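Shown next: my_file_5.tsv, given as TSV, C-alpha atoms.
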chain	number	residue	atom	x	y	z
A	1173	MET	CA	-87.89	18.49	-58.57
A	1174	ILE	CA	-87.93	18.36	-54.77
A	1175	PRO	CA	-86.24	21.45	-53.26
A	1176	GLY	CA	-82.83	20.58	-51.92
A	1177	MET	CA	-82.61	17.45	-54.10
A	1178	GLU	CA	-81.01	19.04	-57.15
A	1179	PRO	CA	-78.65	16.64	-58.98
A	1180	LEU	CA	-75.00	16.99	-58.19
A	1181	PRO	CA	-72.98	18.67	-60.93
A	1182	VAL	CA	-71.17	16.26	-63.23
A	1183	PRO	CA	-67.42	16.81	-62.88
A	1184	PRO	CA	-65.51	17.45	-66.10
A	1185	PRO	CA	-63.67	14.44	-67.54
A	1186	GLN	CA	-60.26	13.89	-66.07
A	1187	PRO	CA	-57.27	13.95	-68.42
A	1188	LEU	CA	-55.40	10.77	-69.18
A	1189	PRO	CA	-53.04	10.16	-66.25
A	1190	LEU	CA	-49.79	10.40	-68.24
A	1191	GLU	CA	-50.59	13.48	-70.31
A	1192	GLY	CA	-47.56	15.74	-70.24
A	1193	ILE	CA	-45.13	12.84	-69.73
A	1194	THR	CA	-42.54	12.32	-72.47
A	1195	VAL	CA	-40.91	8.93	-72.98
A	1196	VAL	CA	-37.88	8.20	-75.15
A	1197	ALA	CA	-37.34	4.54	-75.96
A	1198	VAL	CA	-34.43	2.81	-77.69
A	1199	GLU	CA	-36.33	-0.42	-78.05
A	1200	GLN	CA	-36.87	-3.50	-80.15
A	1201	ALA	CA	-38.86	-6.74	-80.27
A	1202	VAL	CA	-41.62	-7.01	-77.60
A	1203	ALA	CA	-40.57	-6.41	-73.97
A	1204	ALA	CA	-39.74	-2.69	-74.13
A	1205	PRO	CA	-42.18	-1.80	-76.94
A	1206	PHE	CA	-45.12	-3.41	-75.13
A	1207	ALA	CA	-44.19	-1.54	-71.93
A	1208	THR	CA	-44.02	1.82	-73.66
A	1209	ARG	CA	-47.24	1.16	-75.56
A	1210	GLN	CA	-49.03	0.98	-72.22
A	1211	LEU	CA	-47.58	4.40	-71.39
A	1212	ALA	CA	-48.71	5.80	-74.76
A	1213	ASP	CA	-52.24	4.44	-74.26
A	1214	LEU	CA	-52.40	6.33	-70.94
A	1215	GLY	CA	-51.49	9.62	-72.58
A	1216	ALA	CA	-47.69	9.75	-72.61
A	1217	ARG	CA	-45.81	11.00	-75.64
A	1218	VAL	CA	-43.55	8.12	-76.69
A	1219	ILE	CA	-40.63	8.75	-79.04
A	1220	LYS	CA	-39.38	5.48	-80.48
A	1221	VAL	CA	-35.75	5.48	-81.62
A	1222	GLU	CA	-35.16	2.97	-84.41
A	1223	ARG	CA	-32.23	1.86	-86.52
A	1224	ILE	CA	-31.98	3.37	-89.97
A	1225	ASP	CA	-31.51	-0.06	-91.61
A	1226	GLY	CA	-35.01	-1.46	-91.19
A	1227	GLY	CA	-35.83	-0.12	-87.76
A	1228	ASP	CA	-37.08	-2.27	-84.91
A	1229	PHE	CA	-36.46	-5.81	-86.19
A	1230	ALA	CA	-39.98	-6.77	-85.12
A	1231	ARG	CA	-41.11	-4.85	-88.21
A	1232	GLY	CA	-39.86	-7.82	-90.21
A	1233	TYR	CA	-41.33	-10.72	-88.23
A	1234	ASP	CA	-44.26	-11.24	-90.63
A	1235	THR	CA	-46.66	-9.39	-92.93
A	1236	ALA	CA	-49.92	-10.68	-91.44
A	1237	ALA	CA	-51.42	-7.30	-90.47
A	1238	GLY	CA	-52.26	-6.02	-93.95
A	1239	GLY	CA	-48.60	-6.15	-94.90
A	1240	LEU	CA	-47.27	-5.04	-91.52
A	1241	ALA	CA	-45.85	-7.30	-88.81
A	1242	SER	CA	-48.46	-8.37	-86.26
A	1243	HIS	CA	-46.03	-8.03	-83.32
A	1244	PHE	CA	-45.14	-4.50	-84.37
A	1245	VAL	CA	-48.75	-3.40	-84.83
A	1246	TRP	CA	-49.64	-4.81	-81.41
A	1247	CYS	CA	-46.80	-3.14	-79.51
A	1248	ASN	CA	-46.20	0.20	-81.21
A	1249	ARG	CA	-49.36	2.18	-81.75
A	1250	GLY	CA	-49.41	5.78	-80.60
A	1251	LYS	CA	-45.67	6.36	-80.92
A	1252	GLU	CA	-43.47	8.74	-82.90
A	1253	SER	CA	-40.69	7.05	-84.88
A	1254	ILE	CA	-37.27	8.59	-85.42
A	1255	ALA	CA	-34.65	6.59	-87.31
A	1256	LEU	CA	-31.04	7.23	-86.23
A	1257	ASP	CA	-27.62	5.65	-86.54
A	1258	LEU	CA	-26.46	5.53	-82.92
A	1259	LYS	CA	-22.98	4.45	-83.97
A	1260	ASP	CA	-22.51	7.93	-85.42
A	1261	PRO	CA	-21.85	10.53	-82.70
A	1262	ARG	CA	-24.31	12.90	-84.38
A	1263	GLY	CA	-27.12	10.34	-84.16
A	1264	LEU	CA	-26.28	9.58	-80.54
A	1265	ASP	CA	-26.27	13.30	-79.75
A	1266	VAL	CA	-29.83	13.57	-81.04
A	1267	VAL	CA	-30.91	10.88	-78.57
A	1268	ARG	CA	-29.17	12.72	-75.75
A	1269	GLN	CA	-30.99	15.92	-76.65
A	1270	LEU	CA	-34.30	14.07	-76.68
A	1271	VAL	CA	-33.54	12.48	-73.30
A	1272	ALA	CA	-32.69	15.89	-71.82
A	1273	GLY	CA	-36.31	16.89	-72.34
A	1274	ALA	CA	-37.88	13.57	-71.32
A	1275	ASP	CA	-39.40	12.22	-68.14
A	1276	VAL	CA	-38.77	8.54	-68.89
A	1277	PHE	CA	-36.17	6.60	-70.89
A	1278	VAL	CA	-36.55	2.90	-71.71
A	1279	GLN	CA	-34.08	0.58	-73.42
A	1280	ASN	CA	-33.75	-3.14	-74.03
A	1281	LEU	CA	-30.58	-3.32	-76.10
A	1282	ALA	CA	-28.26	-6.32	-75.84
A	1283	HIS	CA	-26.30	-6.57	-72.59
A	1284	GLY	CA	-23.61	-3.91	-72.42
A	1285	ALA	CA	-24.71	-2.03	-75.57
A	1286	ALA	CA	-26.54	0.76	-73.73
A	1287	ALA	CA	-23.62	1.28	-71.35
A	1288	ARG	CA	-21.20	1.58	-74.27
A	1289	LEU	CA	-23.41	4.31	-75.69
A	1290	GLY	CA	-23.86	6.03	-72.34
A	1291	LEU	CA	-27.57	5.22	-72.44
A	1292	ASP	CA	-27.76	2.90	-69.43
A	1293	ALA	CA	-30.04	3.92	-66.59
A	1294	ALA	CA	-27.29	4.68	-64.07
A	1295	THR	CA	-25.45	7.03	-66.43
A	1296	LEU	CA	-28.56	8.86	-67.57
A	1297	CYS	CA	-30.00	9.27	-64.08
A	1298	ALA	CA	-26.71	10.69	-62.83
A	1299	ALA	CA	-26.90	13.33	-65.57
A	1300	HIS	CA	-30.65	13.95	-65.23
A	1301	PRO	CA	-31.83	13.54	-61.60
A	1302	ARG	CA	-35.55	13.79	-62.46
A	1303	LEU	CA	-35.35	11.16	-65.19
A	1304	VAL	CA	-36.84	7.71	-64.71
A	1305	ALA	CA	-34.63	5.37	-66.75
A	1306	VAL	CA	-35.45	1.72	-67.36
A	1307	ASP	CA	-33.05	-1.06	-68.27
A	1308	ILE	CA	-34.84	-4.21	-69.49
A	1309	SER	CA	-32.59	-7.23	-69.84
A	1310	GLY	CA	-32.86	-10.95	-70.29
A	1311	TYR	CA	-31.14	-12.13	-67.14
A	1312	GLY	CA	-30.07	-9.01	-65.26
A	1313	ALA	CA	-26.95	-6.86	-65.24
A	1314	SER	CA	-24.75	-9.29	-63.30
A	1315	GLY	CA	-24.30	-13.01	-62.70
A	1316	PRO	CA	-23.18	-15.83	-64.98
A	1317	TYR	CA	-26.13	-15.39	-67.37
A	1318	ALA	CA	-25.80	-11.63	-67.86
A	1319	ASP	CA	-24.24	-11.97	-71.33
A	1320	LYS	CA	-26.54	-14.73	-72.62
A	1321	ARG	CA	-28.89	-14.00	-75.46
A	1322	ALA	CA	-32.42	-13.93	-74.09
A	1323	TYR	CA	-35.23	-14.61	-76.51
A	1324	ASP	CA	-38.69	-15.33	-75.17
A	1325	MET	CA	-38.71	-19.11	-75.72
A	1326	LEU	CA	-35.25	-19.46	-74.16
A	1327	VAL	CA	-36.32	-17.60	-71.03
A	1328	GLN	CA	-39.54	-19.65	-70.84
A	1329	CYS	CA	-37.28	-22.70	-70.69
A	1330	GLU	CA	-34.88	-21.25	-68.13
A	1331	ALA	CA	-37.78	-20.10	-65.93
A	1332	GLY	CA	-39.37	-23.54	-65.88
A	1333	LEU	CA	-42.58	-22.47	-67.62
A	1334	VAL	CA	-42.12	-25.02	-70.38
A	1335	SER	CA	-41.65	-27.78	-67.79
A	1336	VAL	CA	-45.17	-27.29	-66.42
A	1337	THR	CA	-46.93	-26.59	-69.74
A	1338	GLY	CA	-48.08	-29.30	-72.11
A	1339	THR	CA	-49.03	-32.94	-71.78
A	1340	PRO	CA	-47.42	-35.65	-69.65
A	1341	GLU	CA	-45.52	-36.78	-72.76
A	1342	GLN	CA	-44.53	-33.41	-74.22
A	1343	PRO	CA	-43.56	-30.09	-72.64
A	1344	VAL	CA	-44.47	-27.06	-74.77
A	1345	LYS	CA	-43.80	-23.34	-74.68
A	1346	ALA	CA	-46.63	-20.90	-74.09
A	1347	GLY	CA	-48.34	-19.78	-77.29
A	1348	ILE	CA	-47.73	-16.12	-76.46
A	1349	PRO	CA	-44.40	-14.43	-75.60
A	1350	ALA	CA	-44.94	-14.83	-71.87
A	1351	ALA	CA	-41.43	-13.79	-70.79
A	1352	ASP	CA	-41.56	-10.64	-72.91
A	1353	ILE	CA	-45.02	-9.73	-71.65
A	1354	ALA	CA	-44.06	-10.33	-68.02
A	1355	ALA	CA	-41.00	-8.09	-68.31
A	1356	ALA	CA	-43.04	-5.44	-70.15
A	1357	MET	CA	-45.71	-5.24	-67.50
A	1358	TYR	CA	-43.18	-5.00	-64.64
A	1359	ALA	CA	-41.34	-2.27	-66.57
A	1360	PHE	CA	-44.66	-0.46	-67.06
A	1361	SER	CA	-45.60	-0.68	-63.38
A	1362	GLY	CA	-42.03	0.20	-62.38
A	1363	VAL	CA	-42.23	3.41	-64.40
A	1364	LEU	CA	-45.54	4.33	-62.77
A	1365	ALA	CA	-44.13	3.66	-59.29
A	1366	ALA	CA	-40.98	5.69	-60.02
A	1367	LEU	CA	-43.08	8.61	-61.33
A	1368	VAL	CA	-45.15	8.56	-58.13
A	1369	ARG	CA	-41.93	8.58	-56.08
A	1370	ARG	CA	-40.61	11.46	-58.18
A	1371	GLY	CA	-43.77	13.39	-57.42
A	1372	VAL	CA	-42.93	13.07	-53.72
A	1373	SER	CA	-39.13	13.33	-53.70
A	1374	GLY	CA	-38.45	15.27	-56.90
A	1375	ARG	CA	-36.02	12.61	-58.09
A	1376	GLY	CA	-36.44	9.91	-60.68
A	1377	GLY	CA	-33.96	7.06	-60.73
A	1378	PRO	CA	-33.13	3.77	-62.39
A	1379	VAL	CA	-35.58	0.91	-62.85
A	1380	GLU	CA	-34.24	-2.57	-63.63
A	1381	VAL	CA	-36.33	-5.45	-64.95
A	1382	SER	CA	-35.14	-8.80	-66.25
A	1383	MET	CA	-37.22	-11.27	-68.22
A	1384	LEU	CA	-36.07	-14.17	-66.03
A	1385	ASP	CA	-36.98	-12.36	-62.79
A	1386	ALA	CA	-40.38	-11.39	-64.18
A	1387	LEU	CA	-41.30	-14.86	-65.42
A	1388	ALA	CA	-39.89	-16.55	-62.30
A	1389	GLU	CA	-42.34	-14.44	-60.27
A	1390	TRP	CA	-45.19	-15.63	-62.50
A	1391	MET	CA	-44.09	-19.20	-61.75
A	1392	GLY	CA	-45.00	-18.67	-58.11
A	1393	HIS	CA	-47.58	-21.45	-57.78
A	1394	PRO	CA	-45.56	-24.33	-59.29
A	1395	LEU	CA	-42.37	-22.96	-57.73
A	1396	HIS	CA	-43.78	-22.91	-54.21
A	1397	HIS	CA	-45.49	-26.25	-54.82
A	1398	ALA	CA	-42.13	-27.78	-55.70
A	1399	MET	CA	-40.02	-25.99	-53.05
A	1400	HIS	CA	-42.35	-26.63	-50.15
A	1401	GLY	CA	-44.27	-29.69	-51.28
A	1402	GLY	CA	-41.35	-31.61	-52.69
A	1403	THR	CA	-42.63	-32.21	-56.22
A	1404	PRO	CA	-43.59	-29.89	-59.10
A	1405	PRO	CA	-47.14	-30.05	-60.46
A	1406	ALA	CA	-47.52	-32.60	-63.23
A	1407	ARG	CA	-48.13	-31.53	-66.83
A	1408	THR	CA	-51.75	-32.36	-67.55
A	1409	GLY	CA	-52.62	-30.60	-70.80
A	1410	LEU	CA	-55.92	-28.80	-70.28
A	1411	ALA	CA	-56.61	-30.79	-67.13
A	1412	HIS	CA	-55.70	-29.58	-63.65
A	1413	ALA	CA	-53.03	-31.42	-61.71
A	1414	VAL	CA	-54.94	-31.47	-58.40
A	1415	ILE	CA	-58.62	-30.88	-59.33
A	1416	ALA	CA	-61.11	-33.20	-61.09
A	1417	PRO	CA	-63.14	-32.85	-63.18
A	1418	TYR	CA	-61.24	-29.94	-64.73
A	1419	ASP	CA	-60.62	-30.43	-68.44
A	1420	ALA	CA	-61.96	-29.90	-71.95
A	1421	TYR	CA	-64.57	-32.33	-73.21
A	1422	PRO	CA	-65.61	-32.83	-76.88
A	1423	THR	CA	-69.14	-32.01	-77.93
A	1424	ALA	CA	-71.34	-33.44	-80.68
A	1425	ASP	CA	-70.68	-30.56	-83.10
A	1426	GLY	CA	-66.88	-30.90	-82.96
A	1427	GLY	CA	-66.39	-28.19	-80.34
A	1428	GLN	CA	-64.91	-28.51	-76.90
A	1429	VAL	CA	-66.21	-27.26	-73.57
A	1430	LEU	CA	-64.01	-26.82	-70.53
A	1431	LEU	CA	-65.48	-27.14	-67.08
A	1432	SER	CA	-64.08	-26.77	-63.59
A	1433	VAL	CA	-65.56	-28.31	-60.45
A	1434	GLN	CA	-64.03	-26.44	-57.51
A	1435	ASN	CA	-65.78	-28.17	-54.61
A	1436	ASP	CA	-67.91	-31.14	-53.74
A	1437	ARG	CA	-71.17	-29.16	-53.76
A	1438	GLU	CA	-70.57	-28.37	-57.43
A	1439	TRP	CA	-69.83	-32.03	-58.10
A	1440	ARG	CA	-73.17	-33.02	-56.62
A	1441	ARG	CA	-74.95	-30.50	-58.88
A	1442	LEU	CA	-73.01	-31.78	-61.89
A	1443	ALA	CA	-73.87	-35.39	-61.02
A	1444	GLU	CA	-77.56	-34.63	-60.56
A	1445	GLN	CA	-78.28	-32.11	-63.32
A	1446	VAL	CA	-75.77	-32.93	-66.07
A	1447	ILE	CA	-74.59	-36.54	-65.67
A	1448	LYS	CA	-78.10	-37.44	-64.45
A	1449	ARG	CA	-76.71	-39.82	-61.83
A	1450	PRO	CA	-77.32	-38.15	-58.45
A	1451	GLU	CA	-75.94	-41.16	-56.56
A	1452	LEU	CA	-72.43	-40.16	-57.72
A	1453	GLY	CA	-72.63	-37.26	-55.31
A	1454	SER	CA	-72.27	-39.62	-52.37
A	1455	ASP	CA	-70.36	-42.47	-54.04
A	1456	PRO	CA	-67.03	-42.81	-52.14
A	1457	ASP	CA	-65.19	-43.13	-55.47
A	1458	PHE	CA	-66.33	-39.66	-56.53
A	1459	ALA	CA	-67.76	-37.77	-53.55
A	1460	THR	CA	-64.56	-35.85	-52.73
A	1461	ASN	CA	-62.05	-34.10	-54.94
A	1462	ALA	CA	-59.28	-36.40	-53.71
A	1463	ALA	CA	-61.35	-39.41	-54.76
A	1464	ARG	CA	-62.14	-37.90	-58.15
A	1465	VAL	CA	-58.46	-37.13	-58.79
A	1466	ALA	CA	-57.57	-40.71	-57.82
A	1467	ASN	CA	-60.25	-41.91	-60.26
A	1468	ARG	CA	-59.64	-39.24	-62.88
A	1469	GLU	CA	-60.14	-41.49	-65.93
A	1470	ARG	CA	-63.51	-42.72	-64.68
A	1471	THR	CA	-64.55	-39.21	-63.67
A	1472	ASP	CA	-63.64	-37.79	-67.06
A	1473	ALA	CA	-65.43	-40.65	-68.83
A	1474	LEU	CA	-68.64	-39.87	-66.96
A	1475	VAL	CA	-68.47	-36.16	-67.78
A	1476	GLY	CA	-67.44	-36.78	-71.36
A	1477	ALA	CA	-70.31	-39.17	-71.98
A	1478	ALA	CA	-72.80	-36.68	-70.52
A	1479	LEU	CA	-71.61	-33.74	-72.61
A	1480	GLY	CA	-70.82	-35.64	-75.80
A	1481	GLY	CA	-74.46	-35.76	-76.87
A	1482	PHE	CA	-74.84	-31.98	-76.96
A	1483	GLY	CA	-73.52	-29.21	-79.17
A	1484	ALA	CA	-71.07	-26.83	-77.53
A	1485	ASP	CA	-73.64	-24.07	-76.97
A	1486	GLU	CA	-76.12	-26.55	-75.54
A	1487	ALA	CA	-73.47	-28.02	-73.22
A	1488	VAL	CA	-72.49	-24.58	-71.96
A	1489	GLY	CA	-76.13	-23.73	-71.30
A	1490	LEU	CA	-76.66	-26.98	-69.40
A	1491	LEU	CA	-73.57	-26.43	-67.25
A	1492	GLU	CA	-74.47	-22.83	-66.52
A	1493	ARG	CA	-77.97	-23.81	-65.40
A	1494	ALA	CA	-76.35	-26.31	-63.06
A	1495	GLY	CA	-74.08	-23.61	-61.64
A	1496	VAL	CA	-70.87	-25.25	-62.91
A	1497	ALA	CA	-68.07	-23.00	-64.15
A	1498	CYS	CA	-67.46	-23.57	-67.84
A	1499	ALA	CA	-66.09	-22.05	-71.03
A	1500	ARG	CA	-65.92	-22.61	-74.76
A	1501	LEU	CA	-62.50	-23.64	-76.05
A	1502	ARG	CA	-62.16	-20.90	-78.66
A	1503	ASP	CA	-59.51	-20.39	-81.30
A	1504	VAL	CA	-57.94	-17.02	-82.05
A	1505	GLN	CA	-60.38	-16.15	-84.82
A	1506	GLN	CA	-63.26	-16.87	-82.47
A	1507	LEU	CA	-61.65	-14.56	-79.91
A	1508	ALA	CA	-61.68	-11.80	-82.54
A	1509	GLU	CA	-65.45	-12.28	-82.79
A	1510	HIS	CA	-66.07	-12.89	-79.07
A	1511	PRO	CA	-69.59	-11.77	-78.16
A	1512	GLN	CA	-68.50	-10.35	-74.80
A	1513	LEU	CA	-65.85	-8.10	-76.34
A	1514	ALA	CA	-68.35	-6.95	-78.96
A	1515	ALA	CA	-71.13	-6.30	-76.42
A	1516	ARG	CA	-68.81	-4.17	-74.27
A	1517	GLY	CA	-67.55	-2.17	-77.23
A	1518	ARG	CA	-63.91	-3.14	-76.73
A	1519	TRP	CA	-62.85	-2.78	-80.38
A	1520	ARG	CA	-61.47	0.36	-82.03
A	1521	GLU	CA	-59.59	1.15	-85.22
A	1522	VAL	CA	-56.08	2.59	-85.28
A	1523	GLY	CA	-54.36	4.17	-88.23
A	1524	SER	CA	-51.28	2.63	-89.84
A	1525	PRO	CA	-49.20	2.94	-93.01
A	1526	VAL	CA	-51.53	0.36	-94.61
A	1527	GLY	CA	-54.80	1.92	-93.43
A	1528	PRO	CA	-57.11	1.32	-90.44
A	1529	LEU	CA	-56.55	-1.80	-88.33
A	1530	ARG	CA	-58.75	-3.29	-85.60
A	1531	ALA	CA	-57.31	-3.11	-82.10
A	1532	LEU	CA	-58.56	-3.83	-78.61
A	1533	LEU	CA	-58.94	-1.11	-76.03
A	1534	PRO	CA	-56.28	-1.59	-73.34
A	1535	PRO	CA	-57.49	-3.50	-70.25
A	1536	ILE	CA	-57.05	-0.52	-67.89
A	1537	THR	CA	-60.29	1.50	-67.87
A	1538	LEU	CA	-60.48	4.78	-65.98
A	1539	PRO	CA	-64.15	5.73	-65.62
A	1540	GLY	CA	-64.70	9.46	-65.54
A	1541	GLY	CA	-61.67	10.15	-67.68
A	1542	GLY	CA	-60.85	10.22	-71.33
A	1543	GLU	CA	-60.65	7.02	-73.34
A	1544	ALA	CA	-57.23	5.49	-73.87
A	1545	ARG	CA	-55.23	7.24	-76.56
A	1546	MET	CA	-54.86	4.63	-79.29
A	1547	GLY	CA	-52.70	6.45	-81.79
A	1548	ASP	CA	-51.45	5.37	-85.17
A	1549	VAL	CA	-48.83	2.72	-85.84
A	1550	PRO	CA	-45.87	4.73	-87.19
A	1551	ALA	CA	-43.93	4.15	-90.36
A	1552	LEU	CA	-40.17	3.90	-89.91
A	1553	GLY	CA	-38.77	7.39	-89.42
A	1554	GLU	CA	-42.18	8.99	-89.93
A	1555	HIS	CA	-41.42	11.68	-87.32
A	1556	THR	CA	-37.68	12.10	-87.87
A	1557	LEU	CA	-37.91	15.53	-89.50
A	1558	ALA	CA	-40.31	16.97	-86.93
A	1559	LEU	CA	-38.28	15.67	-84.00
A	1560	LEU	CA	-34.98	16.95	-85.38
A	1561	ARG	CA	-36.52	20.37	-85.85
A	1562	ALA	CA	-37.94	20.16	-82.32
A	1563	VAL	CA	-34.44	19.83	-80.83
A	1564	GLY	CA	-33.38	22.96	-82.71
A	1565	MET	CA	-31.71	21.48	-85.76
A	1566	ALA	CA	-31.74	23.58	-88.92
A	1567	ASP	CA	-32.86	22.12	-92.22
A	1568	VAL	CA	-29.35	22.37	-93.65
A	1569	GLU	CA	-28.04	20.25	-90.77
A	1570	ILE	CA	-30.84	17.74	-91.26
A	1571	ALA	CA	-30.05	17.51	-94.97
A	1572	ALA	CA	-26.42	16.73	-94.13
A	1573	LEU	CA	-27.45	13.97	-91.72
A	1574	ARG	CA	-29.70	12.43	-94.34
A	1575	ARG	CA	-26.96	12.65	-96.94
A	1576	ASP	CA	-24.52	10.89	-94.60
A	1577	GLY	CA	-27.00	8.16	-93.67
A	1578	VAL	CA	-27.20	9.19	-90.01
A	1579	VAL	CA	-30.99	9.67	-90.06
A	1580	ALA	CA	-33.82	8.27	-92.12
Kindly present the structure from the file in structure tokens form.
Amino acid sequence: MIPGMEPLPVPPPQPLPLEGITVVAVEQAVAAPFATRQLADLGARVIKVERIDGGDFARGYDTAAGGLASHFVWCNRGKESIALDLKDPRGLDVVRQLVAGADVFVQNLAHGAAARLGLDAATLCAAHPRLVAVDISGYGASGPYADKRAYDMLVQCEAGLVSVTGTPEQPVKAGIPAADIAAAMYAFSGVLAALVRRGVSGRGGPVEVSMLDALAEWMGHPLHHAMHGGTPPARTGLAHAVIAPYDAYPTADGGQVLLSVQNDREWRRLAEQVIKRPELGSDPDFATNAARVANRERTDALVGAALGGFGADEAVGLLERAGVACARLRDVQQLAEHPQLAARGRWREVGSPVGPLRALLPPITLPGGGEARMGDVPALGEHTLALLRAVGMADVEIAALRRDGVVA
């Protein structure tokens, strides 16, 4: 080793960023549970408060995950479950004791329900100045829609997402709960921002997120296109409203390959190396994107004929060699076996009441720190006893609550 060139010492791994943070969540379905799962993955302790009569109703959506509901498995790993009757003052008092020791509180009860229980963000933050308290709603706390029921598909419709998704003949909802996910991720980032502010000011404060506001923000491109351009983008299935060629094309083995030509240089490469008709690069009917959009059917027919003689893997290889952006049109089972996810080691196993289940590492990676904490999926009320003891309740009191049906 050359003197003076000794390797720098390797710093010890950093802890997960939310270690030491405690979250209490009175939550159900997807929006709040998915938000708090992100916090749990980053090291927070998340205490999930569930109803005694079946718990979070997402537990009953299906039995696809080895007997458990797929939504619940996805959104609730790494949490502690306590089952309480919040209509009983003794059950509600347990929540208040848990909140008194928490850093974050999250709820997505029906409009007005949290306020009636004294669990709305404004009330809790007034009592606990360092608390970050999150209210997730469908349409916000005020306005003519405040009392409307807000399920994901309904909000997708109200936010206009369905109007721009589908084919020219048929609008369709997104195949994932886009409104729930949008609200969850803004609640998650809102908590992080409020915790940073608390670190500076010493005070927490309320965070408000509505599903409509969140999804309306995600509608930014079609919204601005319509507001400022006069017309909304047309529904075009897998095609692009203003770019051609940009679509899925069938291959000889029954697969489909999607390609996207973003500029005229790429079109010339596609014409020369894939379609094998280099003159199309300068043909006025195809040489510019505007011309290709105007002649979309002819453009698509040329691309389709060129790719239709190859299998999907062959077509992808041909397009990649030509420098044209492309992708396989995969189904969900093919996603589960995606070679890129496998090569990067993105799969783990998490424990559950039915045994180990495959789960993806969360998308946020923090090099130099510990891996995301992917804890077990809890059974209903699995941690009730431990949490009641933790707030100082004696076993005789706990027995009385169980006897009276206040806890489970």
- [ ] Record the distance separating atom CA of A:Ser1382 and atom CA of A:Gly1312, expressed in Å with one decimal.
- [x] 5.2 Å
Task: Spatial sel., origin (-40.3, -7.1, -85.0), limit 9 Å, only C-alpha atoms, listed as a PyMOL selection string - done: chain A and resi 1200-1202+1227-1234+1241-1244
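The closest residue to A:Glu1521, picked from A:Arg1249, A:Arg1223, A:His1393, A:His1283 and counting only C-alpha atoms, is A:Arg1249.
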Task: Within 10 Å of A:Trp1390 using all atoms listed in the file, minus same-chain residues under 3 positions, as a ChimeraX atom specification - done: /A:1331,1333,1350-1351,1354,1384-1387,1393-1395
TODO: Could you pull out every residue with an atom within 8 Å of (-62.9, -30.6, -60.4), file coordinates, counting only C-alpha atoms, and send them as a PyMOL selection string?
DONE: chain A and resi 1412+1415-1418+1431-1435+1439+1461+1464
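Neighbouring residues of A:Lys1345 at 12 Å or closer, counting all atoms listed in the file and skipping chain neighbours under 3 positions away, are A:Asp1324, A:Met1325, A:Leu1326, A:Val1327, A:Gln1328, A:Cys1329, A:Glu1330, A:Ala1331, A:Gly1332, A:Leu1333, A:Val1334, A:Ser1335, A:Val1336, A:Thr1337, A:Gly1338, A:Thr1339, A:Gln1342, A:Ile1348, A:Pro1349, A:Ala1350, A:Ala1351.
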Open item on the list: Give me, as a PyMOL selection string, all polymer residues having an atom no more than 12 Å from A:Asp1307, counting all atoms listed in the file and skipping those fewer than 6 positions away in the same chain.
Closed with: chain A and resi 1197-1199+1203-1204+1207+1276-1287+1291-1297+1313+1355-1356+1358-1360+1362-1363+1377-1383
List every residue of stretch 1436-1465 of chain A that has an atom at most 10 Å from any atom of stretch 1479-1501 of chain A, giving for each one its closest atom pair and the distance in Å to one decimal, counting all atoms listed in the file, sorted by chain and then by ascending residue number, as JSON lines.
{"residue": "A:Arg1437", "atom": "CA", "partner": "A:Val1496", "partner_atom": "CA", "distance": 10.0}
{"residue": "A:Glu1438", "atom": "CA", "partner": "A:Val1496", "partner_atom": "CA", "distance": 6.3}
{"residue": "A:Trp1439", "atom": "CA", "partner": "A:Val1496", "partner_atom": "CA", "distance": 8.4}
{"residue": "A:Arg1440", "atom": "CA", "partner": "A:Ala1494", "partner_atom": "CA", "distance": 9.8}
{"residue": "A:Arg1441", "atom": "CA", "partner": "A:Ala1494", "partner_atom": "CA", "distance": 6.1}
{"residue": "A:Leu1442", "atom": "CA", "partner": "A:Ala1494", "partner_atom": "CA", "distance": 6.5}
{"residue": "A:Ala1443", "atom": "CA", "partner": "A:Ala1494", "partner_atom": "CA", "distance": 9.6}
{"residue": "A:Glu1444", "atom": "CA", "partner": "A:Ala1494", "partner_atom": "CA", "distance": 8.8}
{"residue": "A:Gln1445", "atom": "CA", "partner": "A:Ala1494", "partner_atom": "CA", "distance": 6.1}
{"residue": "A:Val1446", "atom": "CA", "partner": "A:Leu1490", "partner_atom": "CA", "distance": 6.9}
{"residue": "A:Ile1447", "atom": "CA", "partner": "A:Leu1479", "partner_atom": "CA", "distance": 8.1}
TODO: Mind checking which residues fall within 7 Å of A:Ala1531, counting only C-alpha atoms, ignoring those fewer than 2 positions away in the same chain, and posting them as an MDAnalysis selection string?
DONE: chainID A and resid 1519:1522 1529 1533
TODO: Figure out the distance between atom CA of A:Ile1224 and atom CA of A:Ile1570, please, to one decimal in Å.
DONE: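 Computing it gives 14.5 Å between the two atoms.
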Task: Top pick for closest residue to A:Leu1289, considering A:Ile1254, A:Leu1557, A:Lys1259, A:Arg1369 and counting only C-alpha atoms - done: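 Of all the options, A:Lys1259 lies closest to A:Leu1289.
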TODO: Find the distance between atom CA of A:Ser1253 and atom CA of A:Arg1561 and write it in Å to one decimal.
DONE: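 Computing it gives 14.0 Å between the two atoms.
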Task: Which of A:Pro1181, A:Thr1194, A:Ala1551, A:Thr1556 sits closest to A:Ala1571 [using only C-alpha atoms] - done: A:Thr1556
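When the distance limit is 10 Å and only C-alpha atoms are what count, the residues near A:Glu1341, minus those fewer than 4 positions from it on the same chain, are Arg1407, Thr1408 and Gly1409 of chain A.
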Find the axis-aligned box for stretch 1405-1411 of chain A, covering all its listed atoms and adding 8 Å on each side, and write its centre and edge lengths in Å to one decimal as lines of an AutoDock Vina configuration file.
center_x = -51.9
center_y = -30.7
center_z = -65.6
size_x = 25.5
size_y = 19.8
size_z = 26.3
